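Below is one structure, written out as structure tokens, with a few remarks after it.
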Amino acid sequence: MSRVFDGYAAAEGIASGPIHRLDWGVPAVPHEVIEASEVERELDRFADARSWVRDRILEIKARTEARLGPVEARIFDPQLLMLDDPEMVDEVTRYIRDNRLSAARAFEWRMLEIQARWTRTGHAMVLDRLNDLEDLQIRLLHRLLGLPDPSDLARVGTDVVLVTRDLTPSLTVQLDPKHVLAIAADRGTRTAHWVILARSLEIPTVVGLGSLFQQVRDGQEAIVDGRIGRVVVDPDERDRAVFLERRRQLEAWEEEAEFIATQDAITADGQPVALRANLDLPGEAQHAAHFGAQGIGLFRTEFLVVGRNAVPDEDEQYEAYRAVTEHFPHHAVYIRTFDLGGDKFPMFLHMPREENPFLGWRAIRVCLDMPELFRTQLRAILRSTAHGDVRIMLPLINDVEEISRVRELLEEEEDNLKADGVPFNPGYKVGILVETPAAALEAVELSRHCDFFSIGTNDLTQYTLAVDRTNSRLARLFNPFHPAVVRQLAQVARVAKAAGIEVSVCGEMAANPMGAFLLLGLDITSLSVAWPSLPEIKKVIRQFRVEDARRAAAAAVEAQTGREVAAVLTEGIGATVDLSVFAGRWNLSPG
Ligand code: PEP
Ligand code: MG
């Protein structure tokens, strides 16, 4: 009998195939004590294993660079570095020599010590760096114990649906989309770094499935629907028929999407919309341009540094910003300054472990506390203004002083560039992300100090409702259509209009048909969405009338509950847009 597992839609697409359970875990190491005569042999085995693992990582790195580009390939640098770190190698050597441990056991001991120390001292990197360390541990131990590398899918010989507890960025980038039909993971959220990479690789992905891994076997058939977040194991005839029909629809849609890409983003009654793309990795710019994005509404630059052990220097950042900008000679590119912290930790930052990272040292707070890091980025962005309409966007702004401080830094860096004879365009704009209730309440004051607002509804929802955006247990409570959020949207739009500055939305809400309808009804006519959503949201926009959206939005602002907001919006948009296409993917029901 078929079994249905519902999780969260994380990367578009639908696929079916045999399950391969990727058990990416640290293998058990037998406790082995060696004879004095075996010491040299174990030292040799340790050196051999390191060299084998190094070659393998270099090979994966080269493949990643060819497929995704140099930025993504650097994800492997920390592992390569650790492989030769004397802190690790010398101690393992000592354990083999002095304590007579086997190479595997000695290495395992050392890893446990390093992990315990990192966790205890709170010299965080806790997320990314521990992940990297674990990846290395898994690879090296498999080699030392003579086990096959679990990530070597070529071994499996067939195209598979990968079922896993969780993944890491480094493991994800080495997946070959030709052989991995889809990913189904027990853990993970849409904003987890490996999930973002899976989207870039265009592998259909469902996350937050709970305990799927335990409940399936290798070779069982599974259908993964990355559009609605569903996995069907052992599908029956009916499930297969549904799958084939959905796949047919998707293929037809892909063709239609190509056509829509060439059309204008304009409502049925003639209201033009600036429809831009969100960018997580620079390589996505070409997809965004292909699908007709009118520029980049949010470039999440922190992904240039997450997973790296050193800050990319000014030239490297400049090249990345310039490359993206050059894809859009006629449109604006909004470059957001590093939004580090929260759930994004680069290794070089030595961030303190925090009880509540989303309420902690994050985004503009980090940048203002680390002027050297920030100045480098500002200089790189300033230089990229010479190549197009580059705008600077500041995350997590709560008050005017933060903007003033950034403006001071910008002025100083402009002077430095002038002194160095480096070209830039002094007419660039500076704006803020409105993503806290404080910013929404202070919008009038803030509008006097910046050139545009972009509303980050992901964080605005999280901070307004006190619902952690990464906690899959709370996903049902994460509701951008809560009246408290809707009223802030209306207020910020009103303030921006009165101040004569642009207001846009770049949170996930803009990619939701009901969200786009509400936002246009609130006179927010600039939207920015992930590139795969561009054709779909444009199609929706072209079907409804802004007149209807205004009427529905006026009622939504007066509504007492989230349910009522959803009801007025679905009724308003449902008259002209076929919402059944989106069923399951977005919660469009009023209940
Ligand atoms: C947001 O918070 O809505 C936003 C667009 O920024 P991010 O998702 O990167 O936090
Ligand atoms: Mg945000």
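Each chain in the structure tokens gets a letter, A, B, ..., in the order shown, and its residues are numbered from 1; ligands are numbered from 1 in order too.
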At most 12 Å from ligand 2 (only C-alpha atoms and all ligand atoms): residue list as a PyMOL selection string: chain A and resi 191+278+298-300+302+336-344+358+362-364+393-397+432-436+454-463+469+505-508
Can you check which parts of stretch 179-260 of chain A lie within 12 Å of stretch 471-474 of chain A? Per residue, the shortest pair of atoms and distance in Å to one decimal, counting only C-alpha atoms, sorted by chain and number, as a tab-separated table.
```
residue	atom	partner	partner_atom	distance
A:Asp186	CA	A:Ser472	CA	10.5
A:Arg187	CA	A:Ser472	CA	8.4
A:Gly188	CA	A:Ser472	CA	8.0
A:Thr189	CA	A:Ser472	CA	6.9
A:Arg190	CA	A:Ser472	CA	9.7
A:Thr191	CA	A:Asn471	CA	10.7
A:Ala192	CA	A:Asn471	CA	11.0
A:Val207	CA	A:Ser472	CA	9.2
A:Gly208	CA	A:Ser472	CA	6.4
A:Leu209	CA	A:Ser472	CA	9.5
A:Gly210	CA	A:Ser472	CA	9.5
```
Residues of the last selection are to be written out with N, CA, C and O atoms, as a JSON list (two decimals), in the first residue's frame.
```json
[["chain", "number", "residue", "atom", "x", "y", "z"],
["A", 186, "ASP", "N", 14.68, 14.32, 6.19],
["A", 186, "ASP", "CA", 13.92, 14.41, 7.43],
["A", 186, "ASP", "C", 13.98, 15.81, 8.04],
["A", 186, "ASP", "O", 13.05, 16.29, 8.64],
["A", 187, "ARG", "N", 15.15, 16.43, 7.91],
["A", 187, "ARG", "CA", 15.30, 17.75, 8.52],
["A", 187, "ARG", "C", 15.48, 18.79, 7.40],
["A", 187, "ARG", "O", 15.33, 18.49, 6.24],
["A", 188, "GLY", "N", 15.85, 20.03, 7.82],
["A", 188, "GLY", "CA", 16.10, 21.08, 6.83],
["A", 188, "GLY", "C", 14.91, 22.02, 6.69],
["A", 188, "GLY", "O", 13.79, 21.67, 7.00],
["A", 189, "THR", "N", 15.23, 23.23, 6.25],
["A", 189, "THR", "CA", 14.20, 24.23, 5.97],
["A", 189, "THR", "C", 14.55, 24.88, 4.64],
["A", 189, "THR", "O", 15.66, 24.72, 4.14],
["A", 190, "ARG", "N", 13.62, 25.65, 4.12],
["A", 190, "ARG", "CA", 13.85, 26.31, 2.82],
["A", 190, "ARG", "C", 15.07, 27.21, 2.83],
["A", 190, "ARG", "O", 15.70, 27.44, 1.81],
["A", 191, "THR", "N", 15.41, 27.75, 4.02],
["A", 191, "THR", "CA", 16.52, 28.70, 4.04],
["A", 191, "THR", "C", 17.84, 28.06, 4.44],
["A", 191, "THR", "O", 18.85, 28.74, 4.54],
["A", 192, "ALA", "N", 17.84, 26.74, 4.71],
["A", 192, "ALA", "CA", 19.11, 26.07, 5.03],
["A", 192, "ALA", "C", 20.04, 26.16, 3.81],
["A", 192, "ALA", "O", 19.58, 26.07, 2.67],
["A", 207, "VAL", "N", 11.74, 18.84, 2.27],
["A", 207, "VAL", "CA", 12.43, 18.77, 3.57],
["A", 207, "VAL", "C", 11.43, 18.66, 4.70],
["A", 207, "VAL", "O", 10.21, 18.75, 4.49],
["A", 208, "GLY", "N", 11.95, 18.49, 5.92],
["A", 208, "GLY", "CA", 11.09, 18.47, 7.11],
["A", 208, "GLY", "C", 10.15, 17.28, 7.14],
["A", 208, "GLY", "O", 9.00, 17.38, 7.57],
["A", 209, "LEU", "N", 10.64, 16.11, 6.68],
["A", 209, "LEU", "CA", 9.76, 14.93, 6.59],
["A", 209, "LEU", "C", 9.72, 14.11, 7.87],
["A", 209, "LEU", "O", 9.06, 13.08, 7.93],
["A", 210, "GLY", "N", 10.42, 14.54, 8.89],
["A", 210, "GLY", "CA", 10.30, 13.88, 10.20],
["A", 210, "GLY", "C", 11.13, 12.62, 10.30],
["A", 210, "GLY", "O", 12.31, 12.66, 10.66]]
```
Nearest-residue call for ligand 1, choices A:Gln249, A:Gln377, A:Thr301, A:Thr64, using only C-alpha atoms and all ligand atoms: A:Thr301
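Going from atom CA of A:Ala575 over to atom CA of A:Ile266, you cover 17.7 Å.
The smallest atom-to-atom distance between ligand 1 and any of A:Leu197, A:Ala555, A:Val311, A:Ala510, using only C-alpha atoms and all ligand atoms, is found for A:Ala510.
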Close residues, A:Ala261 itself excluded, 6 Å, only C-alpha atoms, min 5 positions apart in chain, as an mmCIF file with N, CA and C atoms, in the first residue's frame:
```
data_model
loop_
_atom_site.group_PDB
_atom_site.id
_atom_site.type_symbol
_atom_site.label_atom_id
_atom_site.label_comp_id
_atom_site.auth_asym_id
_atom_site.auth_seq_id
_atom_site.Cartn_x
_atom_site.Cartn_y
_atom_site.Cartn_z
ATOM 1 N N PHE A 291 14.621 34.447 -17.441
ATOM 2 C CA PHE A 291 13.186 34.442 -17.159
ATOM 3 C C PHE A 291 12.605 35.846 -17.036
ATOM 4 N N GLY A 292 13.313 36.813 -17.570
ATOM 5 C CA GLY A 292 12.753 38.145 -17.731
ATOM 6 C C GLY A 292 12.731 39.009 -16.487
ATOM 7 N N PRO A 535 8.136 33.302 -13.699
ATOM 8 C CA PRO A 535 7.066 33.170 -14.705
ATOM 9 C C PRO A 535 5.702 32.970 -14.061
#
```
Picked from stretch 92-250 of chain A by DSSP as strand (DSSP E), as a ChimeraX atom specification: /A:160-164,180-185,205-207,221-225,230-233
Write a file of the just-selected residues containing N, CA, C and O atoms, as an mmCIF file, in the first residue's frame.
```
data_model
loop_
_atom_site.group_PDB
_atom_site.id
_atom_site.type_symbol
_atom_site.label_atom_id
_atom_site.label_comp_id
_atom_site.auth_asym_id
_atom_site.auth_seq_id
_atom_site.Cartn_x
_atom_site.Cartn_y
_atom_site.Cartn_z
ATOM 1 N N VAL A 160 18.669 7.721 -8.688
ATOM 2 C CA VAL A 160 17.976 7.452 -7.424
ATOM 3 C C VAL A 160 17.274 8.673 -6.834
ATOM 4 O O VAL A 160 17.583 9.822 -7.149
ATOM 5 N N VAL A 161 16.323 8.354 -5.969
ATOM 6 C CA VAL A 161 15.735 9.361 -5.084
ATOM 7 C C VAL A 161 16.514 9.243 -3.777
ATOM 8 O O VAL A 161 16.535 8.180 -3.160
ATOM 9 N N LEU A 162 17.170 10.313 -3.416
ATOM 10 C CA LEU A 162 18.021 10.276 -2.234
ATOM 11 C C LEU A 162 17.186 10.547 -0.992
ATOM 12 O O LEU A 162 16.550 11.602 -0.889
ATOM 13 N N VAL A 163 17.187 9.604 -0.060
ATOM 14 C CA VAL A 163 16.484 9.842 1.203
ATOM 15 C C VAL A 163 17.545 9.964 2.284
ATOM 16 O O VAL A 163 18.444 9.124 2.384
ATOM 17 N N THR A 164 17.461 11.025 3.062
ATOM 18 C CA THR A 164 18.532 11.306 4.010
ATOM 19 C C THR A 164 17.957 11.970 5.252
ATOM 20 O O THR A 164 16.859 12.520 5.213
ATOM 21 N N VAL A 180 20.893 12.064 -9.362
ATOM 22 C CA VAL A 180 20.012 12.251 -8.212
ATOM 23 C C VAL A 180 18.716 12.859 -8.740
ATOM 24 O O VAL A 180 18.664 14.029 -9.132
ATOM 25 N N LEU A 181 17.689 12.043 -8.757
ATOM 26 C CA LEU A 181 16.421 12.499 -9.327
ATOM 27 C C LEU A 181 15.731 13.483 -8.398
ATOM 28 O O LEU A 181 15.061 14.417 -8.839
ATOM 29 N N ALA A 182 15.878 13.244 -7.096
ATOM 30 C CA ALA A 182 15.208 14.102 -6.112
ATOM 31 C C ALA A 182 15.829 13.855 -4.744
ATOM 32 O O ALA A 182 16.532 12.860 -4.543
ATOM 33 N N ILE A 183 15.555 14.779 -3.818
ATOM 34 C CA ILE A 183 16.031 14.615 -2.442
ATOM 35 C C ILE A 183 14.838 14.703 -1.498
ATOM 36 O O ILE A 183 13.975 15.590 -1.650
ATOM 37 N N ALA A 184 14.794 13.781 -0.540
ATOM 38 C CA ALA A 184 13.774 13.835 0.507
ATOM 39 C C ALA A 184 14.500 13.763 1.838
ATOM 40 O O ALA A 184 15.207 12.790 2.099
ATOM 41 N N ALA A 185 14.376 14.813 2.664
ATOM 42 C CA ALA A 185 15.166 14.873 3.893
ATOM 43 C C ALA A 185 14.281 15.014 5.124
ATOM 44 O O ALA A 185 13.287 15.736 5.097
ATOM 45 N N THR A 205 13.274 18.903 -4.316
ATOM 46 C CA THR A 205 13.591 18.603 -2.918
ATOM 47 C C THR A 205 12.414 18.851 -1.985
ATOM 48 O O THR A 205 11.718 19.867 -2.109
ATOM 49 N N VAL A 206 12.224 17.900 -1.072
ATOM 50 C CA VAL A 206 11.240 18.086 -0.002
ATOM 51 C C VAL A 206 11.984 17.933 1.319
ATOM 52 O O VAL A 206 12.794 17.013 1.475
ATOM 53 N N VAL A 207 11.736 18.841 2.274
ATOM 54 C CA VAL A 207 12.433 18.766 3.566
ATOM 55 C C VAL A 207 11.425 18.663 4.704
ATOM 56 O O VAL A 207 10.214 18.755 4.486
ATOM 57 N N GLU A 221 10.212 2.200 -4.355
ATOM 58 C CA GLU A 221 9.938 3.304 -5.269
ATOM 59 C C GLU A 221 9.363 4.502 -4.508
ATOM 60 O O GLU A 221 8.613 4.327 -3.533
ATOM 61 N N ALA A 222 9.733 5.709 -4.922
ATOM 62 C CA ALA A 222 9.171 6.904 -4.283
ATOM 63 C C ALA A 222 8.928 7.973 -5.333
ATOM 64 O O ALA A 222 9.677 8.105 -6.300
ATOM 65 N N ILE A 223 7.867 8.737 -5.099
ATOM 66 C CA ILE A 223 7.599 9.923 -5.917
ATOM 67 C C ILE A 223 7.867 11.123 -5.020
ATOM 68 O O ILE A 223 7.377 11.169 -3.892
ATOM 69 N N VAL A 224 8.670 12.066 -5.504
ATOM 70 C CA VAL A 224 8.955 13.273 -4.724
ATOM 71 C C VAL A 224 8.389 14.463 -5.485
ATOM 72 O O VAL A 224 8.780 14.709 -6.630
ATOM 73 N N ASP A 225 7.475 15.167 -4.859
ATOM 74 C CA ASP A 225 6.890 16.339 -5.506
ATOM 75 C C ASP A 225 7.374 17.601 -4.785
ATOM 76 O O ASP A 225 6.864 17.975 -3.731
ATOM 77 N N ARG A 230 5.553 16.866 -1.042
ATOM 78 C CA ARG A 230 4.981 15.546 -0.721
ATOM 79 C C ARG A 230 5.865 14.419 -1.265
ATOM 80 O O ARG A 230 6.435 14.524 -2.344
ATOM 81 N N VAL A 231 5.958 13.334 -0.461
ATOM 82 C CA VAL A 231 6.667 12.141 -0.915
ATOM 83 C C VAL A 231 5.700 10.964 -0.816
ATOM 84 O O VAL A 231 5.055 10.773 0.224
ATOM 85 N N VAL A 232 5.581 10.186 -1.888
ATOM 86 C CA VAL A 232 4.735 8.992 -1.861
ATOM 87 C C VAL A 232 5.638 7.774 -2.027
ATOM 88 O O VAL A 232 6.355 7.648 -3.018
ATOM 89 N N VAL A 233 5.619 6.899 -1.022
ATOM 90 C CA VAL A 233 6.455 5.697 -1.067
ATOM 91 C C VAL A 233 5.591 4.514 -1.488
ATOM 92 O O VAL A 233 4.432 4.415 -1.074
#
```
Taking 3 positions as the minimum chain separation for residues in the same chain, which residues sit within 9 Å of stretch 405-412 of chain A when counting only C-alpha atoms? Answer as a PDB file with all heavy atoms, in the first residue's frame.
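Final file, around_23.pdb:
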```pdb
ATOM      1  N   LEU A 368      28.394  46.740  11.519  1.00  0.00           N
ATOM      2  CA  LEU A 368      28.824  47.967  12.187  1.00  0.00           C
ATOM      3  C   LEU A 368      29.850  47.689  13.283  1.00  0.00           C
ATOM      4  O   LEU A 368      30.686  48.542  13.592  1.00  0.00           O
ATOM      5  CB  LEU A 368      27.619  48.725  12.769  1.00  0.00           C
ATOM      6  CG  LEU A 368      26.713  49.373  11.715  1.00  0.00           C
ATOM      7  CD1 LEU A 368      25.516  50.055  12.363  1.00  0.00           C
ATOM      8  CD2 LEU A 368      27.480  50.372  10.839  1.00  0.00           C
ATOM      9  N   PRO A 371      33.997  47.042  11.332  1.00  0.00           N
ATOM     10  CA  PRO A 371      34.123  48.012  10.234  1.00  0.00           C
ATOM     11  C   PRO A 371      35.044  47.566   9.104  1.00  0.00           C
ATOM     12  O   PRO A 371      34.793  47.911   7.948  1.00  0.00           O
ATOM     13  CB  PRO A 371      34.639  49.281  10.918  1.00  0.00           C
ATOM     14  CG  PRO A 371      34.891  48.938  12.327  1.00  0.00           C
ATOM     15  CD  PRO A 371      34.298  47.613  12.643  1.00  0.00           C
ATOM     16  N   PHE A 374      33.130  45.352   6.861  1.00  0.00           N
ATOM     17  CA  PHE A 374      32.073  46.125   6.217  1.00  0.00           C
ATOM     18  C   PHE A 374      32.640  47.076   5.169  1.00  0.00           C
ATOM     19  O   PHE A 374      32.131  47.186   4.060  1.00  0.00           O
ATOM     20  CB  PHE A 374      31.307  46.890   7.303  1.00  0.00           C
ATOM     21  CG  PHE A 374      29.949  47.373   6.866  1.00  0.00           C
ATOM     22  CD1 PHE A 374      29.223  46.717   5.884  1.00  0.00           C
ATOM     23  CD2 PHE A 374      29.377  48.492   7.468  1.00  0.00           C
ATOM     24  CE1 PHE A 374      27.964  47.155   5.501  1.00  0.00           C
ATOM     25  CE2 PHE A 374      28.113  48.943   7.084  1.00  0.00           C
ATOM     26  CZ  PHE A 374      27.421  48.278   6.097  1.00  0.00           C
ATOM     27  N   ARG A 375      33.724  47.751   5.529  1.00  0.00           N
ATOM     28  CA  ARG A 375      34.313  48.711   4.580  1.00  0.00           C
ATOM     29  C   ARG A 375      34.734  48.006   3.284  1.00  0.00           C
ATOM     30  O   ARG A 375      34.587  48.548   2.204  1.00  0.00           O
ATOM     31  CB  ARG A 375      35.547  49.385   5.194  1.00  0.00           C
ATOM     32  CG  ARG A 375      35.239  50.512   6.146  1.00  0.00           C
ATOM     33  CD  ARG A 375      36.542  51.030   6.748  1.00  0.00           C
ATOM     34  NE  ARG A 375      36.309  51.937   7.834  1.00  0.00           N
ATOM     35  CZ  ARG A 375      36.068  53.239   7.685  1.00  0.00           C
ATOM     36  NH1 ARG A 375      36.036  53.772   6.480  1.00  0.00           N
ATOM     37  NH2 ARG A 375      35.864  54.015   8.734  1.00  0.00           N
ATOM     38  N   LEU A 378      31.667  47.517   1.311  1.00  0.00           N
ATOM     39  CA  LEU A 378      31.147  48.781   0.765  1.00  0.00           C
ATOM     40  C   LEU A 378      31.994  49.266  -0.403  1.00  0.00           C
ATOM     41  O   LEU A 378      31.472  49.732  -1.423  1.00  0.00           O
ATOM     42  CB  LEU A 378      31.080  49.847   1.870  1.00  0.00           C
ATOM     43  CG  LEU A 378      30.062  49.577   2.994  1.00  0.00           C
ATOM     44  CD1 LEU A 378      30.116  50.685   4.048  1.00  0.00           C
ATOM     45  CD2 LEU A 378      28.640  49.442   2.451  1.00  0.00           C
ATOM     46  N   ARG A 379      33.290  49.138  -0.272  1.00  0.00           N
ATOM     47  CA  ARG A 379      34.167  49.549  -1.386  1.00  0.00           C
ATOM     48  C   ARG A 379      33.874  48.716  -2.636  1.00  0.00           C
ATOM     49  O   ARG A 379      33.785  49.241  -3.745  1.00  0.00           O
ATOM     50  CB  ARG A 379      35.641  49.365  -1.010  1.00  0.00           C
ATOM     51  CG  ARG A 379      36.239  50.509  -0.225  1.00  0.00           C
ATOM     52  CD  ARG A 379      37.657  50.169   0.201  1.00  0.00           C
ATOM     53  NE  ARG A 379      38.596  50.122  -0.934  1.00  0.00           N
ATOM     54  CZ  ARG A 379      39.361  51.147  -1.303  1.00  0.00           C
ATOM     55  NH1 ARG A 379      39.286  52.288  -0.637  1.00  0.00           N
ATOM     56  NH2 ARG A 379      40.179  51.035  -2.328  1.00  0.00           N
ATOM     57  N   LEU A 382      30.626  49.875  -4.046  1.00  0.00           N
ATOM     58  CA  LEU A 382      30.781  51.205  -4.668  1.00  0.00           C
ATOM     59  C   LEU A 382      31.440  51.076  -6.044  1.00  0.00           C
ATOM     60  O   LEU A 382      31.001  51.699  -7.018  1.00  0.00           O
ATOM     61  CB  LEU A 382      31.628  52.119  -3.775  1.00  0.00           C
ATOM     62  CG  LEU A 382      30.923  52.705  -2.545  1.00  0.00           C
ATOM     63  CD1 LEU A 382      31.924  53.468  -1.674  1.00  0.00           C
ATOM     64  CD2 LEU A 382      29.783  53.636  -2.969  1.00  0.00           C
ATOM     65  N   LEU A 394      20.327  47.777   3.221  1.00  0.00           N
ATOM     66  CA  LEU A 394      20.841  47.436   4.551  1.00  0.00           C
ATOM     67  C   LEU A 394      19.830  46.574   5.315  1.00  0.00           C
ATOM     68  O   LEU A 394      18.669  46.956   5.457  1.00  0.00           O
ATOM     69  CB  LEU A 394      21.116  48.732   5.335  1.00  0.00           C
ATOM     70  CG  LEU A 394      21.958  49.768   4.579  1.00  0.00           C
ATOM     71  CD1 LEU A 394      21.996  51.092   5.344  1.00  0.00           C
ATOM     72  CD2 LEU A 394      23.371  49.240   4.344  1.00  0.00           C
ATOM     73  N   VAL A 400      17.406  55.174  12.864  1.00  0.00           N
ATOM     74  CA  VAL A 400      18.072  56.105  11.958  1.00  0.00           C
ATOM     75  C   VAL A 400      19.582  56.123  12.157  1.00  0.00           C
ATOM     76  O   VAL A 400      20.350  56.267  11.199  1.00  0.00           O
ATOM     77  CB  VAL A 400      17.473  57.507  12.184  1.00  0.00           C
ATOM     78  CG1 VAL A 400      18.313  58.567  11.542  1.00  0.00           C
ATOM     79  CG2 VAL A 400      16.046  57.555  11.702  1.00  0.00           C
ATOM     80  N   GLU A 401      19.999  55.953  13.399  1.00  0.00           N
ATOM     81  CA  GLU A 401      21.440  56.035  13.657  1.00  0.00           C
ATOM     82  C   GLU A 401      22.232  54.996  12.874  1.00  0.00           C
ATOM     83  O   GLU A 401      23.361  55.250  12.453  1.00  0.00           O
ATOM     84  CB  GLU A 401      21.718  55.864  15.147  1.00  0.00           C
ATOM     85  CG  GLU A 401      21.588  57.168  15.885  1.00  0.00           C
ATOM     86  CD  GLU A 401      21.350  56.966  17.358  1.00  0.00           C
ATOM     87  OE1 GLU A 401      21.794  55.944  17.892  1.00  0.00           O
ATOM     88  OE2 GLU A 401      20.685  57.848  17.943  1.00  0.00           O
ATOM     89  N   GLU A 402      21.627  53.834  12.700  1.00  0.00           N
ATOM     90  CA  GLU A 402      22.337  52.795  11.942  1.00  0.00           C
ATOM     91  C   GLU A 402      22.558  53.257  10.497  1.00  0.00           C
ATOM     92  O   GLU A 402      23.632  53.073   9.923  1.00  0.00           O
ATOM     93  CB  GLU A 402      21.537  51.479  11.972  1.00  0.00           C
ATOM     94  CG  GLU A 402      21.552  50.811  13.339  1.00  0.00           C
ATOM     95  CD  GLU A 402      20.418  49.819  13.544  1.00  0.00           C
ATOM     96  OE1 GLU A 402      19.346  49.988  12.915  1.00  0.00           O
ATOM     97  OE2 GLU A 402      20.577  48.897  14.334  1.00  0.00           O
ATOM     98  N   ASP A 415      35.650  58.799  -0.502  1.00  0.00           N
ATOM     99  CA  ASP A 415      36.862  59.629  -0.512  1.00  0.00           C
ATOM    100  C   ASP A 415      38.100  58.782  -0.809  1.00  0.00           C
ATOM    101  O   ASP A 415      38.965  59.182  -1.588  1.00  0.00           O
ATOM    102  CB  ASP A 415      37.036  60.335   0.846  1.00  0.00           C
ATOM    103  CG  ASP A 415      35.997  61.427   1.034  1.00  0.00           C
ATOM    104  OD1 ASP A 415      35.356  61.809   0.024  1.00  0.00           O
ATOM    105  OD2 ASP A 415      35.798  61.858   2.179  1.00  0.00           O
ATOM    106  N   ASN A 416      38.137  57.614  -0.180  1.00  0.00           N
ATOM    107  CA  ASN A 416      39.299  56.743  -0.418  1.00  0.00           C
ATOM    108  C   ASN A 416      39.386  56.323  -1.878  1.00  0.00           C
ATOM    109  O   ASN A 416      40.461  56.306  -2.476  1.00  0.00           O
ATOM    110  CB  ASN A 416      39.214  55.491   0.462  1.00  0.00           C
ATOM    111  CG  ASN A 416      39.474  55.824   1.914  1.00  0.00           C
ATOM    112  OD1 ASN A 416      40.102  56.837   2.210  1.00  0.00           O
ATOM    113  ND2 ASN A 416      38.977  54.993   2.814  1.00  0.00           N
ATOM    114  N   LEU A 417      38.222  55.993  -2.455  1.00  0.00           N
ATOM    115  CA  LEU A 417      38.235  55.572  -3.858  1.00  0.00           C
ATOM    116  C   LEU A 417      38.688  56.721  -4.748  1.00  0.00           C
ATOM    117  O   LEU A 417      39.482  56.536  -5.674  1.00  0.00           O
ATOM    118  CB  LEU A 417      36.849  55.074  -4.291  1.00  0.00           C
ATOM    119  CG  LEU A 417      36.393  53.718  -3.724  1.00  0.00           C
ATOM    120  CD1 LEU A 417      34.967  53.398  -4.151  1.00  0.00           C
ATOM    121  CD2 LEU A 417      37.316  52.593  -4.180  1.00  0.00           C
ATOM    122  N   VAL A 430      20.691  54.422  -1.494  1.00  0.00           N
ATOM    123  CA  VAL A 430      20.852  53.609  -0.281  1.00  0.00           C
ATOM    124  C   VAL A 430      19.481  53.439   0.365  1.00  0.00           C
ATOM    125  O   VAL A 430      18.765  54.419   0.584  1.00  0.00           O
ATOM    126  CB  VAL A 430      21.782  54.309   0.744  1.00  0.00           C
ATOM    127  CG1 VAL A 430      21.915  53.460   2.013  1.00  0.00           C
ATOM    128  CG2 VAL A 430      23.150  54.570   0.136  1.00  0.00           C
TER     129      VAL A 430
END
```
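Proximity of A:Ala320, A:Ile196, A:Ile403, A:Ile19 to ligand 1, computed with only C-alpha atoms and all ligand atoms, is greatest for A:Ile196.
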Sel. of alpha helix (DSSP H) residues, stretch 446-531 of chain A, as an NGL selection string: :A and (446-447 or 457-465 or 483-499 or 513-521)
Could those residues be written to a file, using C-alpha atoms, as a short mmCIF file (atom, residue, chain, number, x, y, z; two decimals), in the first residue's frame?
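Saved the output as part.cif:
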```cif
data_model
loop_
_atom_site.label_atom_id
_atom_site.label_comp_id
_atom_site.auth_asym_id
_atom_site.auth_seq_id
_atom_site.Cartn_x
_atom_site.Cartn_y
_atom_site.Cartn_z
CA LEU A 446 13.45 56.15 8.54
CA SER A 447 11.97 57.32 5.23
CA THR A 457 8.35 39.70 5.02
CA ASN A 458 10.21 36.56 6.13
CA ASP A 459 11.80 38.34 9.03
CA LEU A 460 8.97 40.79 9.55
CA THR A 461 6.64 37.83 10.09
CA GLN A 462 9.14 36.06 12.33
CA TYR A 463 9.74 39.09 14.53
CA THR A 464 6.12 40.24 14.64
CA LEU A 465 4.70 36.86 15.60
CA PRO A 483 -3.49 40.96 10.54
CA ALA A 484 -0.53 42.30 12.56
CA VAL A 485 1.75 41.77 9.55
CA VAL A 486 -0.80 42.98 6.98
CA ARG A 487 -1.34 46.25 8.85
CA GLN A 488 2.39 46.90 9.01
CA LEU A 489 2.64 46.32 5.26
CA ALA A 490 -0.13 48.84 4.69
CA GLN A 491 1.49 51.34 7.02
CA VAL A 492 4.93 51.06 5.45
CA ALA A 493 3.46 51.36 1.93
CA ARG A 494 1.54 54.47 2.98
CA VAL A 495 4.61 56.09 4.52
CA ALA A 496 6.76 55.34 1.47
CA LYS A 497 4.18 56.86 -0.84
CA ALA A 498 3.90 60.03 1.28
CA ALA A 499 7.69 60.30 1.37
CA PRO A 513 -0.16 34.46 -5.59
CA MET A 514 -2.33 35.68 -2.74
CA GLY A 515 0.61 37.70 -1.39
CA ALA A 516 1.26 39.39 -4.74
CA PHE A 517 -2.45 40.21 -4.97
CA LEU A 518 -2.47 41.78 -1.50
CA LEU A 519 0.77 43.70 -2.08
CA LEU A 520 -0.39 45.20 -5.35
CA GLY A 521 -3.65 46.08 -3.63
#
```
Contact residues around stretch 326-334 of chain A with only C-alpha atoms at 8 Å, ignoring same-chain residues under 5 positions, as a ChimeraX atom specification: /A:285-286,289,294-299,387-393
Nearest candidate to A:Phe303 (options A:Lys538, A:Arg74, A:Arg41, A:His449; using only C-alpha atoms): A:Arg74
10 Å contact set for A:Pro70, only C-alpha atoms, chain neighbours under 6 positions out, as a PyMOL selection string: chain A and resi 61-62+64+283
Residue contacts of A:Met1 (9 Å, only C-alpha atoms) excluding same-chain residues fewer than 5 positions away, as a VMD selection string: chain A and resid 233 to 236
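Between atom CA of A:Ser404 and atom CA of A:Gln317 lies a distance of 23.8 Å.
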